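First up is the structure itself, then whatever we jot down about it.
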Amino acid sequence: METLEQVAQRVAAGDTAAFQHIVRHTGDLLVRLAARILGNVADAEDTVQEAYVKAYRALVNGQFDGRSSVRTWLYRIVTHAAIDGLRHRRRRDARLDSELPSAWDGAALAEARLALTELSDLLRGLPPDQRAALVLKSVEGLTTPEIAQIMDCSVGAVEQRLVRARAALRSRREGHD
Amino acid sequence: MTDSEDWLDQKLGELARRTEALHVSAGFSARVADAIESDAPMPQELLRSARRLLPVALVVAVLGLGIAVSSEQSTDQAFAVADDVVEIEW
């Protein structure tokens, strides 16, 4: 079984069709990550599509240095794109960010979309970088150093974002009690 | 850890499990392929063909230049001959 790193090397060497292998093997993972940060699947798919275009361009131009794994590198591109998306979306109606079950969804997907709406409601109001840090840590289950690498910041900065995000959510919950 | 943080971790853990079924919609890979293709500044095949034709184009350009120079010399000689004819007529 070929690793993503080996496939990425093939793409960089001119086998551009091999990029579809990367898309097939990381698509669900990346759309799930983007959806958890953004709060809906449609925006997540658009974000991940743009991220793949950037990643492909970087691979064929020899800009992927291989210092991180391909998965971490893709996580980084998608996370930054999702944070940008949240920043540009701030003026939009908050309800547009919710995920509504479609009549075409199966039961499992419909339940996942409802859970996504709950997650989005829970994280609503957090600054984009805090929201992304909390999703990466507590939903994706990544370590703080991994998050620092993905968000291009220090471990201390990640910890600060997590503390602030938790404090904001705690204070909101206590305000509701 | 406070009760509130405990509640938050439990809630986020639960939402992580419940959103695990999220996946890309049908045709997503094809849309990505289309987006990549339309983003390309020039099709790779065309670029490769152009690279192969580059040496031939250089040779043609040099030959063209040579023909242009020799043609100019012939024209100068023709003018000179024509001038001679004009002088004889005067």
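For the structure tokens, the naming scheme is as follows: chains receive sequential letters (A, B, ...) according to their order of presentation, residues are indexed from 1 within each chain, and ligands are indexed from 1 in presentation order.
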
Env of stretch 68-76 of chain A: 9 Å cut, atoms = only C-alpha atoms, seq-sep filter 2 positions within chain, self excluded. Answer as a list in words. Leu4, Glu5, Ala8, Thr26, Leu30, Leu33, Ala51, Tyr52, Ala55, Phe64, Asp65, Gly66, Val78, Thr79, His80, Ala81, Glu146, Ile147, Gln149, Ile150, Met151 and Asp152 of chain A

Write the residues of the preceding selection, restricted to N, CA and C atoms, as a short mmCIF file (atom, residue, chain, number, x, y, z; two decimals), in the first residue's frame.
data_model
loop_
_atom_site.label_atom_id
_atom_site.label_comp_id
_atom_site.auth_asym_id
_atom_site.auth_seq_id
_atom_site.Cartn_x
_atom_site.Cartn_y
_atom_site.Cartn_z
N LEU A 4 0.72 8.30 1.50
CA LEU A 4 0.37 9.59 0.89
C LEU A 4 1.64 10.33 0.46
N GLU A 5 2.71 10.15 1.22
CA GLU A 5 3.99 10.82 0.91
C GLU A 5 4.54 10.31 -0.43
N ALA A 8 2.42 11.75 -3.16
CA ALA A 8 2.75 13.17 -3.35
C ALA A 8 4.03 13.31 -4.17
N THR A 26 -8.27 11.37 1.43
CA THR A 26 -8.32 12.39 2.48
C THR A 26 -9.59 13.24 2.44
N LEU A 30 -10.92 15.63 5.53
CA LEU A 30 -10.75 17.09 5.44
C LEU A 30 -12.10 17.81 5.43
N LEU A 33 -13.30 17.87 8.96
CA LEU A 33 -12.59 18.90 9.73
C LEU A 33 -13.15 20.29 9.41
N ALA A 51 -8.71 24.21 -1.19
CA ALA A 51 -7.47 23.75 -0.54
C ALA A 51 -6.75 22.73 -1.42
N TYR A 52 -7.51 21.83 -2.04
CA TYR A 52 -6.89 20.83 -2.93
C TYR A 52 -6.23 21.51 -4.13
N ALA A 55 -3.04 22.87 -2.92
CA ALA A 55 -2.10 21.78 -2.62
C ALA A 55 -1.52 21.21 -3.92
N PHE A 64 6.12 21.81 -1.85
CA PHE A 64 5.92 21.00 -0.64
C PHE A 64 7.27 20.45 -0.23
N ASP A 65 7.75 20.89 0.94
CA ASP A 65 9.12 20.52 1.33
C ASP A 65 9.20 19.18 2.08
N GLY A 66 8.05 18.61 2.43
CA GLY A 66 8.05 17.31 3.08
C GLY A 66 8.47 17.34 4.54
N VAL A 78 -6.31 23.45 4.97
CA VAL A 78 -7.77 23.50 5.19
C VAL A 78 -8.11 24.35 6.42
N THR A 79 -7.34 24.20 7.49
CA THR A 79 -7.63 24.97 8.71
C THR A 79 -7.50 26.47 8.45
N HIS A 80 -6.44 26.87 7.76
CA HIS A 80 -6.26 28.29 7.45
C HIS A 80 -7.39 28.80 6.55
N ALA A 81 -7.77 27.98 5.56
CA ALA A 81 -8.86 28.38 4.65
C ALA A 81 -10.17 28.50 5.42
N GLU A 146 0.91 19.32 17.58
CA GLU A 146 0.38 19.12 16.22
C GLU A 146 -0.45 20.33 15.79
N ILE A 147 -1.25 20.84 16.73
CA ILE A 147 -2.09 22.01 16.42
C ILE A 147 -1.20 23.23 16.14
N GLN A 149 1.72 23.22 14.86
CA GLN A 149 2.28 23.05 13.51
C GLN A 149 1.23 23.39 12.45
N ILE A 150 0.01 22.96 12.69
CA ILE A 150 -1.08 23.21 11.72
C ILE A 150 -1.43 24.70 11.66
N MET A 151 -1.45 25.34 12.83
CA MET A 151 -1.87 26.75 12.87
C MET A 151 -0.71 27.72 12.70
N ASP A 152 0.49 27.19 12.49
CA ASP A 152 1.69 28.03 12.29
C ASP A 152 1.89 28.99 13.46
#

Chain A residues near chain B (9 Å cut-off, only C-alpha atoms) as number ranges by chain: A: 19-20, 23-24, 27-29, 31-32, 35-36, 41, 45, 48-50, 52-54, 56-57, 108-109, 111-116, 118-119, 135, 138-141, 166-167, 169-170, 173-174

Could you give me, as a list in words, the residues within 12 Å of A:Gln160, counting only C-alpha atoms and dropping anything in the same chain fewer than 6 positions from it? Asp129, Gln130, Ala133, Leu134, Thr144, Ala148, Cys153, Ser154, Arg166 and Ala167 of chain A

Helix (DSSP H, G or I) positions in stretch 24-163 of chain A, given as a PyMOL selection string: chain A and resi 24-38+41-60+70-89+94-97+107-123+128-139+144-151+155-163

Rounded to one decimal place, report the atom CA of A:Gly85-atom CA of A:Asp43 distance in Å. 8.5 Å

Suppose you want the space between atom CA of A:Arg124 and atom CA of A:Gly39; what is it in Å?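 About the pair atom CA of A:Arg124 and atom CA of A:Gly39: they are 9.2 Å apart.
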
Two-atom distance - atom CA of A:Ser120, atom CA of B:Ala26 (Å):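 Going from atom CA of A:Ser120 over to atom CA of B:Ala26, I get 23.9 Å.
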
Considering only C-alpha atoms, state which residue in the set A:Thr47, A:Arg67, A:Arg131, A:Pro145 is at the smallest distance from A:Ala157.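 So, comparing all the options, the nearest one is A:Pro145.
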